[in-house]
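Here the structure is laid out as structure tokens; the discussion comes afterwards.
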Amino acid sequence: MDDQKREELLAQQMEVIRRMTEHNLARMGQDFWGAPLSDGPTSAKDPSAPAPEPPKQNGDAAPAQAEKSQPQEQAVQEPEPLETILAELDGYIGLAAVKEEVHNLINLVRVHQMRRAHDLPTPELSLHMVFSGNPGTGKTTVARIMARIYHSLGILSKGQLVEVDRSGLVAGYVGQTALKTSQVLEKALGGVLFIDEAYALSGNGGQDFGQEAIDTILKAMEDHRDDLVVIVAGYEDLMDAFIHSNPGLESRFNRFLHFADYTVEEMCAIFDMQCRKGCYTLTPEARDQVRRALEAADTDGISFGNARGVRNLFERVLVQQANRLASADAPTREMLMELTAEDVAAAAAGMTEPNVSNTES
């Protein structure tokens, strides 16, 4: 084979590998917390079978941080069977304490509704929630599930989730913040308003308009108590200080869910799940290398980013595989699927910068 034909063949192989990698990453980006795969032809025993479609999710599991400046609204859907939603929640890797609290809350709501149906006294039930935890622990994912649960229970009329941060609520001039926040609240009526890094709304001095946004939100929570749920989220200590900084916040937010950092075992399971979804296989040596890489990188849940750190490592491994296969003559299907210890080691060596650029919950 002359040099020109060899170069053309290598270019064609590189394009195939690039497209395959981009396709797999796009398909897997919807759900990185490990919702269960449906039973089907694809399994660890049959790595050559077609890759399964990822579970349907209402929105991306991790929208880019820059997009939070505008409200992120899910499409309104008909109420789903509660059992279906709970099966999805229970299938996620980790989140044991969160799952227990969600089940407890559902039981409380059901009994509350039954008591009302029998004309029994019922205390006021606040469904607004505080989610605390480090980045990448699944706060946004669970907020979406809570919107669907509340819709299924008949608490919310639409069940959509509207996601914002400070920049989506606060304007730069007097009087504009209330209008901007009211527009967001209007979109959220009938569903859940999810405010990430909510503590950024307070504590910025006398010239800051964050308090105006808080006051507008508190009024809406009172005026629309039967068809609006607000979930605020962020780092544990900062969220605790935020809630206790305002009597109005303290009186309306009395349900706290803490999202613990993932263990190395759980992160390995997430990595394995993504390999199965993308129809990749890990050699035994590569799996050991993944564990060592996660153990070495997971020194701090904030800097590593929990599940986002796993995603960062996984995507880097795919890049290293593509670089390795670029010079191979006619890679086979098995070669295109296999991730080696060398791929993982090279990817881990490149993870020198803390993965904190994306603080999405």
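Order determines the names: the first chain of the structure tokens is A, the second B, and so forth; residues in each chain are numbered 1 upward, and ligands are numbered 1 upward as they are shown.
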
Residue contacts of Asp90 in chain A (12 Å, only C-alpha atoms) excluding same-chain residues fewer than 4 positions away, as a list in words: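 Neighbouring residues, sequence-local ones excluded: Trp33, Gly34, Ala35, Pro36, Glu83, Thr84, Ile85, Leu86, Gly94, Leu95, Ala96, Ala97, Val98, Lys99, Glu100, Glu101, Val102, His103, Val142 and Ile145 of chain A.
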
Export of the given selection (all heavy atoms) as a compact mmCIF listing (two decimals), in the first residue's frame:
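Final output, saved to out_5.txt:
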```txt
# COMPACT_ATOMS: atom_id res chain seq x y z
N TRP A 33 -26.51 9.43 35.82
CA TRP A 33 -26.56 8.94 37.20
C TRP A 33 -26.89 7.46 37.27
O TRP A 33 -26.96 6.89 38.33
CB TRP A 33 -27.56 9.76 38.01
CG TRP A 33 -26.89 10.94 38.59
CD1 TRP A 33 -26.43 11.09 39.87
CD2 TRP A 33 -26.55 12.14 37.93
NE1 TRP A 33 -25.83 12.31 40.03
CE2 TRP A 33 -25.90 12.98 38.84
CE3 TRP A 33 -26.73 12.62 36.63
CZ2 TRP A 33 -25.44 14.25 38.53
CZ3 TRP A 33 -26.27 13.87 36.30
CH2 TRP A 33 -25.63 14.66 37.25
N GLY A 34 -27.13 6.84 36.14
CA GLY A 34 -27.23 5.40 36.14
C GLY A 34 -28.62 4.83 36.27
O GLY A 34 -28.84 3.89 37.03
N ALA A 35 -29.62 5.41 35.59
CA ALA A 35 -30.93 4.77 35.57
C ALA A 35 -30.79 3.41 34.93
O ALA A 35 -29.97 3.21 34.04
CB ALA A 35 -31.93 5.62 34.78
N PRO A 36 -31.56 2.43 35.37
CA PRO A 36 -31.34 1.06 34.92
C PRO A 36 -31.59 0.88 33.45
O PRO A 36 -32.49 1.49 32.88
CB PRO A 36 -32.36 0.25 35.75
CG PRO A 36 -33.43 1.25 36.09
CD PRO A 36 -32.72 2.56 36.26
N GLU A 83 -45.79 4.57 40.21
CA GLU A 83 -44.91 3.41 40.30
C GLU A 83 -43.79 3.47 39.27
O GLU A 83 -42.66 3.05 39.53
CB GLU A 83 -45.72 2.12 40.12
CG GLU A 83 -46.70 1.82 41.25
CD GLU A 83 -47.93 2.73 41.22
OE1 GLU A 83 -48.17 3.37 40.16
OE2 GLU A 83 -48.64 2.80 42.24
N THR A 84 -44.11 3.99 38.09
CA THR A 84 -43.10 4.11 37.03
C THR A 84 -42.01 5.10 37.44
O THR A 84 -40.81 4.84 37.26
CB THR A 84 -43.76 4.57 35.72
OG1 THR A 84 -44.74 3.61 35.33
CG2 THR A 84 -42.72 4.72 34.62
N ILE A 85 -42.42 6.22 38.01
CA ILE A 85 -41.44 7.23 38.42
C ILE A 85 -40.57 6.71 39.55
O ILE A 85 -39.34 6.90 39.56
CB ILE A 85 -42.16 8.52 38.85
CG1 ILE A 85 -43.10 9.02 37.75
CG2 ILE A 85 -41.14 9.61 39.19
CD1 ILE A 85 -43.97 10.18 38.17
N LEU A 86 -41.19 6.04 40.52
CA LEU A 86 -40.42 5.52 41.66
C LEU A 86 -39.47 4.43 41.23
O LEU A 86 -38.36 4.30 41.77
CB LEU A 86 -41.37 5.02 42.74
CG LEU A 86 -42.17 6.10 43.48
CD1 LEU A 86 -43.11 5.47 44.49
CD2 LEU A 86 -41.23 7.09 44.16
N GLY A 94 -26.67 4.87 43.86
CA GLY A 94 -26.47 5.74 45.01
C GLY A 94 -27.78 6.39 45.47
O GLY A 94 -28.87 5.86 45.28
N LEU A 95 -27.65 7.55 46.13
CA LEU A 95 -28.79 8.36 46.57
C LEU A 95 -29.70 7.63 47.57
O LEU A 95 -30.89 7.90 47.65
CB LEU A 95 -29.65 8.82 45.37
CG LEU A 95 -28.94 9.59 44.26
CD1 LEU A 95 -29.89 9.83 43.09
CD2 LEU A 95 -28.39 10.90 44.77
N ALA A 96 -29.14 6.74 48.36
CA ALA A 96 -29.96 5.91 49.25
C ALA A 96 -30.78 6.75 50.22
O ALA A 96 -31.99 6.54 50.38
CB ALA A 96 -29.07 4.93 50.02
N ALA A 97 -30.14 7.71 50.88
CA ALA A 97 -30.86 8.54 51.86
C ALA A 97 -31.91 9.40 51.19
O ALA A 97 -33.01 9.60 51.73
CB ALA A 97 -29.86 9.41 52.63
N VAL A 98 -31.60 9.90 50.01
CA VAL A 98 -32.55 10.73 49.27
C VAL A 98 -33.77 9.90 48.87
O VAL A 98 -34.92 10.34 49.01
CB VAL A 98 -31.88 11.35 48.03
CG1 VAL A 98 -32.91 12.05 47.14
CG2 VAL A 98 -30.79 12.33 48.45
N LYS A 99 -33.54 8.71 48.36
CA LYS A 99 -34.65 7.83 47.97
C LYS A 99 -35.58 7.55 49.16
O LYS A 99 -36.81 7.58 49.02
CB LYS A 99 -34.10 6.52 47.41
CG LYS A 99 -33.35 6.65 46.11
CD LYS A 99 -32.68 5.34 45.74
CE LYS A 99 -31.81 5.47 44.51
NZ LYS A 99 -31.06 4.21 44.21
N GLU A 100 -34.99 7.29 50.32
CA GLU A 100 -35.80 7.01 51.51
C GLU A 100 -36.67 8.21 51.87
O GLU A 100 -37.86 8.06 52.18
CB GLU A 100 -34.90 6.64 52.68
CG GLU A 100 -35.67 6.31 53.95
CD GLU A 100 -34.75 5.92 55.10
OE1 GLU A 100 -33.52 5.92 54.91
OE2 GLU A 100 -35.27 5.63 56.19
N GLU A 101 -36.08 9.40 51.83
CA GLU A 101 -36.83 10.60 52.18
C GLU A 101 -37.94 10.88 51.17
O GLU A 101 -39.04 11.33 51.53
CB GLU A 101 -35.89 11.81 52.27
CG GLU A 101 -34.99 11.80 53.49
CD GLU A 101 -35.80 11.80 54.78
OE1 GLU A 101 -36.82 12.53 54.86
OE2 GLU A 101 -35.44 11.05 55.70
N VAL A 102 -37.70 10.62 49.91
CA VAL A 102 -38.73 10.82 48.89
C VAL A 102 -39.90 9.87 49.13
O VAL A 102 -41.07 10.26 49.06
CB VAL A 102 -38.14 10.63 47.48
CG1 VAL A 102 -39.26 10.61 46.43
CG2 VAL A 102 -37.16 11.75 47.16
N HIS A 103 -39.59 8.61 49.42
CA HIS A 103 -40.66 7.65 49.72
C HIS A 103 -41.44 8.07 50.97
O HIS A 103 -42.68 7.96 51.01
CB HIS A 103 -40.06 6.25 49.91
CG HIS A 103 -39.74 5.53 48.64
ND1 HIS A 103 -40.68 4.80 47.95
CD2 HIS A 103 -38.60 5.46 47.91
CE1 HIS A 103 -40.13 4.28 46.86
NE2 HIS A 103 -38.86 4.67 46.81
N VAL A 142 -32.99 14.80 40.66
CA VAL A 142 -34.05 14.48 41.60
C VAL A 142 -35.13 15.57 41.59
O VAL A 142 -36.32 15.27 41.77
CB VAL A 142 -33.49 14.26 43.02
CG1 VAL A 142 -34.61 14.08 44.04
CG2 VAL A 142 -32.57 13.05 43.03
N ILE A 145 -37.46 14.72 38.96
CA ILE A 145 -38.30 13.59 39.37
C ILE A 145 -39.38 14.05 40.35
O ILE A 145 -40.54 13.61 40.28
CB ILE A 145 -37.43 12.48 39.98
CG1 ILE A 145 -36.59 11.81 38.87
CG2 ILE A 145 -38.28 11.43 40.70
CD1 ILE A 145 -35.65 10.74 39.36
```

Contacts of range 104-119 of chain A within 12 Å, only C-alpha atoms, excl. fewer than 3 positions in-chain, as a ChimeraX atom specification: /A:82-83,85-86,97-101,122-129,146,149-155,255-257

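The two atoms in question, CA of Arg316 in chain A and CA of Gly133 in chain A, are spaced 25.5 Å apart.
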
Which polymer residues have any atom within 12 Å of an atom of range 241-243 of chain A, counting only C-alpha atoms, with same-chain residues fewer than 5 positions away left out, as a PDB file with N, CA, C and O atoms, in the first residue's frame?
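Generated output (out_6.pdb):
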```pdb
ATOM      1  N   MET A 129     -38.763  22.529  49.238  1.00  0.00           N
ATOM      2  CA  MET A 129     -37.643  21.707  49.702  1.00  0.00           C
ATOM      3  C   MET A 129     -36.312  22.428  49.521  1.00  0.00           C
ATOM      4  O   MET A 129     -36.159  23.295  48.645  1.00  0.00           O
ATOM      5  N   VAL A 130     -35.350  22.015  50.351  1.00  0.00           N
ATOM      6  CA  VAL A 130     -33.960  22.469  50.258  1.00  0.00           C
ATOM      7  C   VAL A 130     -33.094  21.260  49.922  1.00  0.00           C
ATOM      8  O   VAL A 130     -33.090  20.269  50.665  1.00  0.00           O
ATOM      9  N   PHE A 131     -32.393  21.336  48.814  1.00  0.00           N
ATOM     10  CA  PHE A 131     -31.459  20.292  48.414  1.00  0.00           C
ATOM     11  C   PHE A 131     -30.045  20.792  48.682  1.00  0.00           C
ATOM     12  O   PHE A 131     -29.652  21.845  48.166  1.00  0.00           O
ATOM     13  N   SER A 132     -29.291  20.056  49.465  1.00  0.00           N
ATOM     14  CA  SER A 132     -27.917  20.474  49.754  1.00  0.00           C
ATOM     15  C   SER A 132     -26.947  19.370  49.364  1.00  0.00           C
ATOM     16  O   SER A 132     -27.260  18.184  49.470  1.00  0.00           O
ATOM     17  N   GLU A 197     -27.932  27.192  43.411  1.00  0.00           N
ATOM     18  CA  GLU A 197     -27.066  28.153  44.090  1.00  0.00           C
ATOM     19  C   GLU A 197     -27.890  29.323  44.615  1.00  0.00           C
ATOM     20  O   GLU A 197     -27.553  30.497  44.435  1.00  0.00           O
ATOM     21  N   ALA A 198     -28.999  28.983  45.295  1.00  0.00           N
ATOM     22  CA  ALA A 198     -29.955  29.994  45.743  1.00  0.00           C
ATOM     23  C   ALA A 198     -29.352  30.968  46.736  1.00  0.00           C
ATOM     24  O   ALA A 198     -29.811  32.110  46.855  1.00  0.00           O
ATOM     25  N   TYR A 199     -28.321  30.543  47.464  1.00  0.00           N
ATOM     26  CA  TYR A 199     -27.688  31.432  48.446  1.00  0.00           C
ATOM     27  C   TYR A 199     -27.095  32.673  47.793  1.00  0.00           C
ATOM     28  O   TYR A 199     -26.854  33.682  48.454  1.00  0.00           O
ATOM     29  N   ALA A 200     -26.867  32.640  46.481  1.00  0.00           N
ATOM     30  CA  ALA A 200     -26.327  33.807  45.777  1.00  0.00           C
ATOM     31  C   ALA A 200     -27.326  34.958  45.740  1.00  0.00           C
ATOM     32  O   ALA A 200     -26.958  36.089  45.384  1.00  0.00           O
ATOM     33  N   LEU A 201     -28.580  34.704  46.103  1.00  0.00           N
ATOM     34  CA  LEU A 201     -29.591  35.760  46.110  1.00  0.00           C
ATOM     35  C   LEU A 201     -29.455  36.693  47.306  1.00  0.00           C
ATOM     36  O   LEU A 201     -30.046  37.767  47.316  1.00  0.00           O
ATOM     37  N   SER A 202     -28.726  36.294  48.330  1.00  0.00           N
ATOM     38  CA  SER A 202     -28.648  37.108  49.543  1.00  0.00           C
ATOM     39  C   SER A 202     -27.200  37.398  49.907  1.00  0.00           C
ATOM     40  O   SER A 202     -26.273  36.743  49.439  1.00  0.00           O
ATOM     41  N   GLY A 203     -27.040  38.417  50.747  1.00  0.00           N
ATOM     42  CA  GLY A 203     -25.742  38.704  51.338  1.00  0.00           C
ATOM     43  C   GLY A 203     -24.769  39.454  50.463  1.00  0.00           C
ATOM     44  O   GLY A 203     -23.560  39.378  50.670  1.00  0.00           O
ATOM     45  N   ASN A 204     -25.265  40.219  49.478  1.00  0.00           N
ATOM     46  CA  ASN A 204     -24.356  40.955  48.599  1.00  0.00           C
ATOM     47  C   ASN A 204     -24.397  42.461  48.801  1.00  0.00           C
ATOM     48  O   ASN A 204     -24.060  43.228  47.911  1.00  0.00           O
ATOM     49  N   GLY A 210     -31.017  41.066  45.045  1.00  0.00           N
ATOM     50  CA  GLY A 210     -31.393  39.691  45.315  1.00  0.00           C
ATOM     51  C   GLY A 210     -32.539  39.581  46.303  1.00  0.00           C
ATOM     52  O   GLY A 210     -33.400  38.699  46.171  1.00  0.00           O
ATOM     53  N   GLN A 211     -32.569  40.464  47.294  1.00  0.00           N
ATOM     54  CA  GLN A 211     -33.650  40.417  48.288  1.00  0.00           C
ATOM     55  C   GLN A 211     -34.994  40.697  47.639  1.00  0.00           C
ATOM     56  O   GLN A 211     -36.020  40.136  48.043  1.00  0.00           O
ATOM     57  N   ILE A 214     -36.106  37.456  46.320  1.00  0.00           N
ATOM     58  CA  ILE A 214     -36.572  36.587  47.408  1.00  0.00           C
ATOM     59  C   ILE A 214     -37.973  36.977  47.843  1.00  0.00           C
ATOM     60  O   ILE A 214     -38.859  36.124  48.012  1.00  0.00           O
ATOM     61  N   ILE A 231     -38.002  24.562  44.947  1.00  0.00           N
ATOM     62  CA  ILE A 231     -36.868  23.805  45.472  1.00  0.00           C
ATOM     63  C   ILE A 231     -35.624  24.659  45.304  1.00  0.00           C
ATOM     64  O   ILE A 231     -35.330  25.127  44.193  1.00  0.00           O
ATOM     65  N   VAL A 232     -34.921  24.893  46.394  1.00  0.00           N
ATOM     66  CA  VAL A 232     -33.674  25.651  46.344  1.00  0.00           C
ATOM     67  C   VAL A 232     -32.521  24.695  46.610  1.00  0.00           C
ATOM     68  O   VAL A 232     -32.656  23.735  47.376  1.00  0.00           O
ATOM     69  N   ALA A 233     -31.376  24.948  45.985  1.00  0.00           N
ATOM     70  CA  ALA A 233     -30.277  23.983  46.061  1.00  0.00           C
ATOM     71  C   ALA A 233     -28.936  24.685  46.108  1.00  0.00           C
ATOM     72  O   ALA A 233     -28.779  25.815  45.634  1.00  0.00           O
ATOM     73  N   GLY A 234     -27.948  23.969  46.686  1.00  0.00           N
ATOM     74  CA  GLY A 234     -26.588  24.482  46.728  1.00  0.00           C
ATOM     75  C   GLY A 234     -25.765  23.750  47.778  1.00  0.00           C
ATOM     76  O   GLY A 234     -26.191  22.730  48.338  1.00  0.00           O
ATOM     77  N   TYR A 235     -24.575  24.287  48.056  1.00  0.00           N
ATOM     78  CA  TYR A 235     -23.693  23.696  49.060  1.00  0.00           C
ATOM     79  C   TYR A 235     -24.354  23.718  50.439  1.00  0.00           C
ATOM     80  O   TYR A 235     -25.078  24.656  50.783  1.00  0.00           O
ATOM     81  N   GLU A 236     -24.082  22.695  51.235  1.00  0.00           N
ATOM     82  CA  GLU A 236     -24.809  22.502  52.493  1.00  0.00           C
ATOM     83  C   GLU A 236     -24.694  23.692  53.437  1.00  0.00           C
ATOM     84  O   GLU A 236     -25.702  24.234  53.892  1.00  0.00           O
ATOM     85  N   GLY A 248     -38.952  34.598  56.543  1.00  0.00           N
ATOM     86  CA  GLY A 248     -39.878  34.102  55.540  1.00  0.00           C
ATOM     87  C   GLY A 248     -39.402  32.806  54.917  1.00  0.00           C
ATOM     88  O   GLY A 248     -40.203  31.894  54.660  1.00  0.00           O
ATOM     89  N   LEU A 249     -38.112  32.705  54.690  1.00  0.00           N
ATOM     90  CA  LEU A 249     -37.553  31.468  54.146  1.00  0.00           C
ATOM     91  C   LEU A 249     -37.642  30.347  55.170  1.00  0.00           C
ATOM     92  O   LEU A 249     -37.978  29.202  54.832  1.00  0.00           O
ATOM     93  N   GLU A 250     -37.342  30.662  56.419  1.00  0.00           N
ATOM     94  CA  GLU A 250     -37.391  29.639  57.472  1.00  0.00           C
ATOM     95  C   GLU A 250     -38.788  29.055  57.621  1.00  0.00           C
ATOM     96  O   GLU A 250     -38.952  27.848  57.841  1.00  0.00           O
ATOM     97  N   SER A 251     -39.802  29.885  57.489  1.00  0.00           N
ATOM     98  CA  SER A 251     -41.167  29.413  57.705  1.00  0.00           C
ATOM     99  C   SER A 251     -41.695  28.592  56.543  1.00  0.00           C
ATOM    100  O   SER A 251     -42.633  27.802  56.720  1.00  0.00           O
ATOM    101  N   ARG A 252     -41.124  28.745  55.365  1.00  0.00           N
ATOM    102  CA  ARG A 252     -41.650  28.055  54.188  1.00  0.00           C
ATOM    103  C   ARG A 252     -40.820  26.844  53.764  1.00  0.00           C
ATOM    104  O   ARG A 252     -41.313  25.973  53.054  1.00  0.00           O
ATOM    105  N   PHE A 253     -39.566  26.815  54.163  1.00  0.00           N
ATOM    106  CA  PHE A 253     -38.703  25.689  53.786  1.00  0.00           C
ATOM    107  C   PHE A 253     -38.361  24.878  55.039  1.00  0.00           C
ATOM    108  O   PHE A 253     -37.520  25.281  55.839  1.00  0.00           O
ATOM    109  N   ASN A 254     -39.038  23.763  55.208  1.00  0.00           N
ATOM    110  CA  ASN A 254     -38.765  22.916  56.368  1.00  0.00           C
ATOM    111  C   ASN A 254     -38.483  21.475  55.982  1.00  0.00           C
ATOM    112  O   ASN A 254     -38.467  20.587  56.829  1.00  0.00           O
ATOM    113  N   ARG A 255     -38.246  21.223  54.689  1.00  0.00           N
ATOM    114  CA  ARG A 255     -37.883  19.880  54.234  1.00  0.00           C
ATOM    115  C   ARG A 255     -36.496  19.945  53.600  1.00  0.00           C
ATOM    116  O   ARG A 255     -36.293  20.656  52.615  1.00  0.00           O
ATOM    117  N   PHE A 256     -35.573  19.210  54.188  1.00  0.00           N
ATOM    118  CA  PHE A 256     -34.183  19.262  53.752  1.00  0.00           C
ATOM    119  C   PHE A 256     -33.752  17.878  53.269  1.00  0.00           C
ATOM    120  O   PHE A 256     -33.919  16.884  53.984  1.00  0.00           O
TER     121      PHE A 256
END
```

Non-local contacts of Glu295 in chain A (10 Å; only C-alpha atoms; under 2 positions in same chain excluded) as a list in words: Thr263, Val264, Glu265, Met267, Cys268, Gln289, Val290, Arg291, Arg292, Ala293, Ala297, Asp298 and Thr299 of chain A

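Every protein, DNA or RNA residue with an atom at most 6 Å from Gly305 in chain A, where only C-alpha atoms count and chain neighbours fewer than 3 positions away do not, is listed here: Pro135, Gly136, Gly301, Ile302, Arg308 and Gly309 of chain A.
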
Kindly save the residues from that selection, with all heavy atoms included, as a compact mmCIF listing (two decimals), in the first residue's frame.
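That gives us selection03.txt:
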```txt
# COMPACT_ATOMS: atom_id res chain seq x y z
N PRO A 135 -21.43 19.55 43.97
CA PRO A 135 -21.79 19.39 42.56
C PRO A 135 -21.75 17.93 42.14
O PRO A 135 -20.96 17.13 42.65
CB PRO A 135 -20.70 20.20 41.83
CG PRO A 135 -20.21 21.19 42.83
CD PRO A 135 -20.31 20.49 44.16
N GLY A 136 -22.62 17.58 41.21
CA GLY A 136 -22.59 16.25 40.62
C GLY A 136 -23.21 15.16 41.46
O GLY A 136 -23.00 13.98 41.19
N GLY A 301 -15.12 15.99 47.13
CA GLY A 301 -16.32 15.94 46.31
C GLY A 301 -16.58 17.22 45.54
O GLY A 301 -17.25 17.22 44.51
N ILE A 302 -16.06 18.36 46.04
CA ILE A 302 -16.29 19.62 45.35
C ILE A 302 -15.38 19.72 44.13
O ILE A 302 -15.82 20.00 43.02
CB ILE A 302 -16.05 20.81 46.30
CG1 ILE A 302 -17.08 20.78 47.44
CG2 ILE A 302 -16.14 22.12 45.53
CD1 ILE A 302 -16.87 21.87 48.46
N ARG A 308 -19.89 14.01 37.89
CA ARG A 308 -19.30 14.80 36.79
C ARG A 308 -17.83 14.48 36.62
O ARG A 308 -17.30 14.53 35.50
CB ARG A 308 -19.50 16.28 37.05
CG ARG A 308 -20.95 16.62 37.08
CD ARG A 308 -21.21 18.09 36.98
NE ARG A 308 -22.53 18.37 37.47
CZ ARG A 308 -23.64 17.96 36.86
NH1 ARG A 308 -23.56 17.29 35.74
NH2 ARG A 308 -24.82 18.22 37.37
N GLY A 309 -17.18 14.15 37.71
CA GLY A 309 -15.81 13.69 37.60
C GLY A 309 -15.71 12.38 36.85
O GLY A 309 -14.80 12.15 36.05
```

Residues of range 149-325 of chain A in alpha helix (DSSP H), written as number ranges by chain: A: 149-152, 176-188, 210-223, 236-243, 247-252, 264-277, 284-297, 301-304, 307-325
